[in-house]
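> Next comes model_23.pdb, PDB, C-alpha atoms:
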ATOM      1  CA  MET A   1     169.036  87.962  27.437  1.00  0.00           C
ATOM      2  CA  GLU A   2     166.595  85.055  27.230  1.00  0.00           C
ATOM      3  CA  LEU A   3     164.651  84.151  24.102  1.00  0.00           C
ATOM      4  CA  LYS A   4     161.362  84.949  25.848  1.00  0.00           C
ATOM      5  CA  GLU A   5     162.567  88.491  26.608  1.00  0.00           C
ATOM      6  CA  LEU A   6     163.790  88.981  23.060  1.00  0.00           C
ATOM      7  CA  ARG A   7     160.437  87.847  21.709  1.00  0.00           C
ATOM      8  CA  GLN A   8     158.660  90.208  24.074  1.00  0.00           C
ATOM      9  CA  GLN A   9     160.744  93.069  22.693  1.00  0.00           C
ATOM     10  CA  ILE A  10     159.795  92.011  19.164  1.00  0.00           C
ATOM     11  CA  ASP A  11     156.108  91.900  20.166  1.00  0.00           C
ATOM     12  CA  GLU A  12     156.350  95.431  21.561  1.00  0.00           C
ATOM     13  CA  ILE A  13     158.087  96.676  18.416  1.00  0.00           C
ATOM     14  CA  ASP A  14     155.467  94.922  16.250  1.00  0.00           C
ATOM     15  CA  ALA A  15     152.706  96.720  18.158  1.00  0.00           C
ATOM     16  CA  GLN A  16     154.399 100.045  17.425  1.00  0.00           C
ATOM     17  CA  ILE A  17     154.862  99.128  13.768  1.00  0.00           C
ATOM     18  CA  ALA A  18     151.178  98.195  13.450  1.00  0.00           C
ATOM     19  CA  GLN A  19     150.090 101.479  15.029  1.00  0.00           C
ATOM     20  CA  LEU A  20     152.413 103.481  12.791  1.00  0.00           C
ATOM     21  CA  PHE A  21     151.229 101.548   9.750  1.00  0.00           C
ATOM     22  CA  ALA A  22     147.613 102.402  10.609  1.00  0.00           C
ATOM     23  CA  GLN A  23     148.590 106.080  10.865  1.00  0.00           C
ATOM     24  CA  ARG A  24     150.422 105.835   7.540  1.00  0.00           C
ATOM     25  CA  MET A  25     147.357 104.331   5.875  1.00  0.00           C
ATOM     26  CA  GLN A  26     145.125 107.093   7.259  1.00  0.00           C
ATOM     27  CA  CYS A  27     147.500 109.650   5.774  1.00  0.00           C
ATOM     28  CA  SER A  28     147.590 107.670   2.516  1.00  0.00           C
ATOM     29  CA  ALA A  29     143.792 107.931   2.352  1.00  0.00           C
ATOM     30  CA  ARG A  30     144.066 111.716   2.625  1.00  0.00           C
ATOM     31  CA  VAL A  31     146.715 111.684  -0.116  1.00  0.00           C
ATOM     32  CA  ALA A  32     144.336 109.648  -2.298  1.00  0.00           C
ATOM     33  CA  GLN A  33     141.566 112.166  -1.704  1.00  0.00           C
ATOM     34  CA  TYR A  34     143.911 115.015  -2.686  1.00  0.00           C
ATOM     35  CA  LYS A  35     145.094 113.164  -5.798  1.00  0.00           C
ATOM     36  CA  TYR A  36     141.494 112.408  -6.778  1.00  0.00           C
ATOM     37  CA  GLU A  37     140.370 116.000  -6.332  1.00  0.00           C
ATOM     38  CA  ASN A  38     143.348 117.271  -8.349  1.00  0.00           C
ATOM     39  CA  GLY A  39     143.245 114.675 -11.136  1.00  0.00           C
ATOM     40  CA  MET A  40     146.585 113.186 -10.192  1.00  0.00           C
ATOM     41  CA  CYS A  41     147.842 109.647 -10.812  1.00  0.00           C
ATOM     42  CA  ILE A  42     148.270 107.305  -7.880  1.00  0.00           C
ATOM     43  CA  ARG A  43     151.797 106.200  -8.768  1.00  0.00           C
ATOM     44  CA  ASP A  44     154.615 108.733  -8.398  1.00  0.00           C
ATOM     45  CA  GLU A  45     157.872 106.908  -9.066  1.00  0.00           C
ATOM     46  CA  GLU A  46     160.036 109.862  -8.052  1.00  0.00           C
ATOM     47  CA  ARG A  47     158.280 109.993  -4.678  1.00  0.00           C
ATOM     48  CA  ASN A  48     158.621 106.210  -4.271  1.00  0.00           C
ATOM     49  CA  LEU A  49     162.377 106.427  -4.793  1.00  0.00           C
ATOM     50  CA  GLU A  50     162.563 109.288  -2.296  1.00  0.00           C
ATOM     51  CA  ILE A  51     160.626 107.304   0.315  1.00  0.00           C
ATOM     52  CA  LYS A  52     162.864 104.246  -0.085  1.00  0.00           C
ATOM     53  CA  ALA A  53     166.041 106.326   0.058  1.00  0.00           C
ATOM     54  CA  ASN A  54     164.841 108.022   3.246  1.00  0.00           C
ATOM     55  CA  ALA A  55     163.981 104.675   4.806  1.00  0.00           C
ATOM     56  CA  VAL A  56     167.423 103.285   3.984  1.00  0.00           C
ATOM     57  CA  ASN A  57     169.033 106.390   5.486  1.00  0.00           C
ATOM     58  CA  PHE A  58     167.032 105.917   8.701  1.00  0.00           C
ATOM     59  CA  ALA A  59     167.694 102.169   8.944  1.00  0.00           C
ATOM     60  CA  GLY A  60     171.273 102.019   7.701  1.00  0.00           C
ATOM     61  CA  GLU A  61     173.080 100.500   4.750  1.00  0.00           C
ATOM     62  CA  ASP A  62     173.684  97.189   6.529  1.00  0.00           C
ATOM     63  CA  ILE A  63     170.008  96.249   6.088  1.00  0.00           C
ATOM     64  CA  ALA A  64     169.309  98.351   2.982  1.00  0.00           C
ATOM     65  CA  PRO A  65     168.171  95.449   0.747  1.00  0.00           C
ATOM     66  CA  TYR A  66     165.607  94.395   3.351  1.00  0.00           C
ATOM     67  CA  VAL A  67     164.378  97.936   3.873  1.00  0.00           C
ATOM     68  CA  ARG A  68     163.914  98.348   0.118  1.00  0.00           C
ATOM     69  CA  ARG A  69     161.919  95.096  -0.025  1.00  0.00           C
ATOM     70  CA  LEU A  70     159.799  96.180   2.919  1.00  0.00           C
ATOM     71  CA  TYR A  71     159.071  99.551   1.352  1.00  0.00           C
ATOM     72  CA  ASP A  72     158.324  98.016  -2.036  1.00  0.00           C
ATOM     73  CA  GLU A  73     155.552  96.098  -0.297  1.00  0.00           C
ATOM     74  CA  ILE A  74     154.382  99.055   1.803  1.00  0.00           C
ATOM     75  CA  LEU A  75     154.166 101.226  -1.311  1.00  0.00           C
ATOM     76  CA  ASN A  76     152.262  98.515  -3.215  1.00  0.00           C
ATOM     77  CA  ILE A  77     149.794  98.234  -0.348  1.00  0.00           C
ATOM     78  CA  SER A  78     149.485 102.015  -0.175  1.00  0.00           C
ATOM     79  CA  ARG A  79     148.724 102.259  -3.908  1.00  0.00           C
ATOM     80  CA  ASP A  80     146.102  99.507  -3.636  1.00  0.00           C
ATOM     81  CA  PHE A  81     144.543 101.315  -0.691  1.00  0.00           C
ATOM     82  CA  GLN A  82     144.578 104.647  -2.534  1.00  0.00           C
ATOM     83  CA  ARG A  83     142.787 102.987  -5.476  1.00  0.00           C
ATOM     84  CA  GLU A  84     140.103 101.731  -3.086  1.00  0.00           C
ATOM     85  CA  VAL A  85     139.761 105.183  -1.546  1.00  0.00           C
ATOM     86  CA  MET A  86     139.419 106.788  -4.979  1.00  0.00           C
ATOM     87  CA  ILE A  87     136.793 104.233  -6.017  1.00  0.00           C
ATOM     88  CA  SER A  88     134.914 104.943  -2.804  1.00  0.00           C
ATOM     89  CA  VAL A  89     135.088 108.698  -3.362  1.00  0.00           C
ATOM     90  CA  ASP A  90     133.962 108.242  -6.950  1.00  0.00           C
ATOM     91  CA  LYS A  91     130.961 106.158  -5.848  1.00  0.00           C
ATOM     92  CA  ASP A  92     130.062 108.861  -3.340  1.00  0.00           C
ATOM     93  CA  THR A  93     129.821 111.404  -6.177  1.00  0.00           C
ATOM     94  CA  VAL A  94     127.400 109.288  -8.218  1.00  0.00           C
ATOM     95  CA  PRO A  95     123.710 110.045  -7.607  1.00  0.00           C
ATOM     96  CA  PRO A  96     122.120 107.308  -5.429  1.00  0.00           C
ATOM     97  CA  GLN A  97     119.838 105.962  -8.185  1.00  0.00           C
ATOM     98  CA  GLU A  98     122.918 105.232 -10.309  1.00  0.00           C
ATOM     99  CA  HIS A  99     124.772 103.170  -7.689  1.00  0.00           C
ATOM    100  CA  HIS A 100     123.064  99.961  -8.852  1.00  0.00           C
ATOM    101  CA  SER A 101     124.643 100.165 -12.295  1.00  0.00           C
ATOM    102  CA  LEU A 102     128.187 100.254 -10.872  1.00  0.00           C
TER     103      LEU A 102
END
Before anything else, please render the file you have as structure tokens.

Amino acid sequence: MELKELRQQIDEIDAQIAQLFAQRMQCSARVAQYKYENGMCIRDEERNLEIKANAVNFAGEDIAPYVRRLYDEILNISRDFQREVMISVDKDTVPPQEHHSL
């Protein structure tokens, strides 16, 4: 297979990854809303370990260190995003005249 074809395959896979990431972030926003409404913390270390273990199982042990690194970053991004969602939800609950003091 030629390099150009291999790169085209990577581009197609990257497009799928980006679409799946967008879906994951939409779901993460709904999780943030749930956590906010139920007074829950953003970080759940037990869940993070479960997610990484599942990802390694899907990808295989031969690339496990890379999968763990990838998911460390995905989970960090997800937590940052959830914080932003919670801040947004919190601002939406403040009466309009009080928004200026935030």
> Listing only residues of segment 24-72 of chain A within 12 Å of segment 2-19 of chain A, what is the closest atom pair and its distance in Å (to one decimal) for each, using all atoms listed in the file, sorted by chain and residue number ascending, as CSV?

residue,atom,partner,partner_atom,distance
A:Arg24,CA,A:Gln19,CA,8.7
A:Met25,CA,A:Gln19,CA,10.0
A:Gln26,CA,A:Gln19,CA,10.8
> Could the residues in this selection be written to a file with C-alpha atoms, as a short mmCIF file (atom, residue, chain, number, x, y, z; two decimals), in the frame of the given file?

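Below is the file selection-v4.cif, written as the result:
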data_model
loop_
_atom_site.label_atom_id
_atom_site.label_comp_id
_atom_site.auth_asym_id
_atom_site.auth_seq_id
_atom_site.Cartn_x
_atom_site.Cartn_y
_atom_site.Cartn_z
CA ARG A 24 150.42 105.84 7.54
CA MET A 25 147.36 104.33 5.88
CA GLN A 26 145.12 107.09 7.26
#
> Give me, please, the distance in Å between atom CA of Ser78 of chain A and atom CA of Ile63 of chain A, quoted to one decimal.
22.2 Å
> Please identify all polymer residues lying at most 9 Å from the point (163.2, 99.8, 2.2) (file coordinates), using only C-alpha atoms, and present the result as a ChimeraX atom specification.
/A:51-56,59,63-74
> Could you write out as a list in words the residues that the PyMOL selection byres ((chain A and resi 80-85) around 8) matches in the shown file?
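When the PyMOL selection byres ((chain A and resi 80-85) around 8) is applied to the shown file, the picked residues are Met25, Ser28, Ala29, Val31, Ala32, Gln33, Ile42, Asn76, Ile77, Ser78, Arg79, Met86, Ile87, Ser88 and Val89 of chain A.
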> Just the number, please: distance in Å from atom CA of Leu75 of chain A to atom CA of Arg30 of chain A, one decimal.
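These two atoms are separated by 15.1 Å.
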> What does the distance from atom CA of Lys35 of chain A to atom CA of Ala22 of chain A come to in Å, to one decimal?
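Calculated distance between atom CA of Lys35 of chain A and atom CA of Ala22 of chain A is 19.8 Å.
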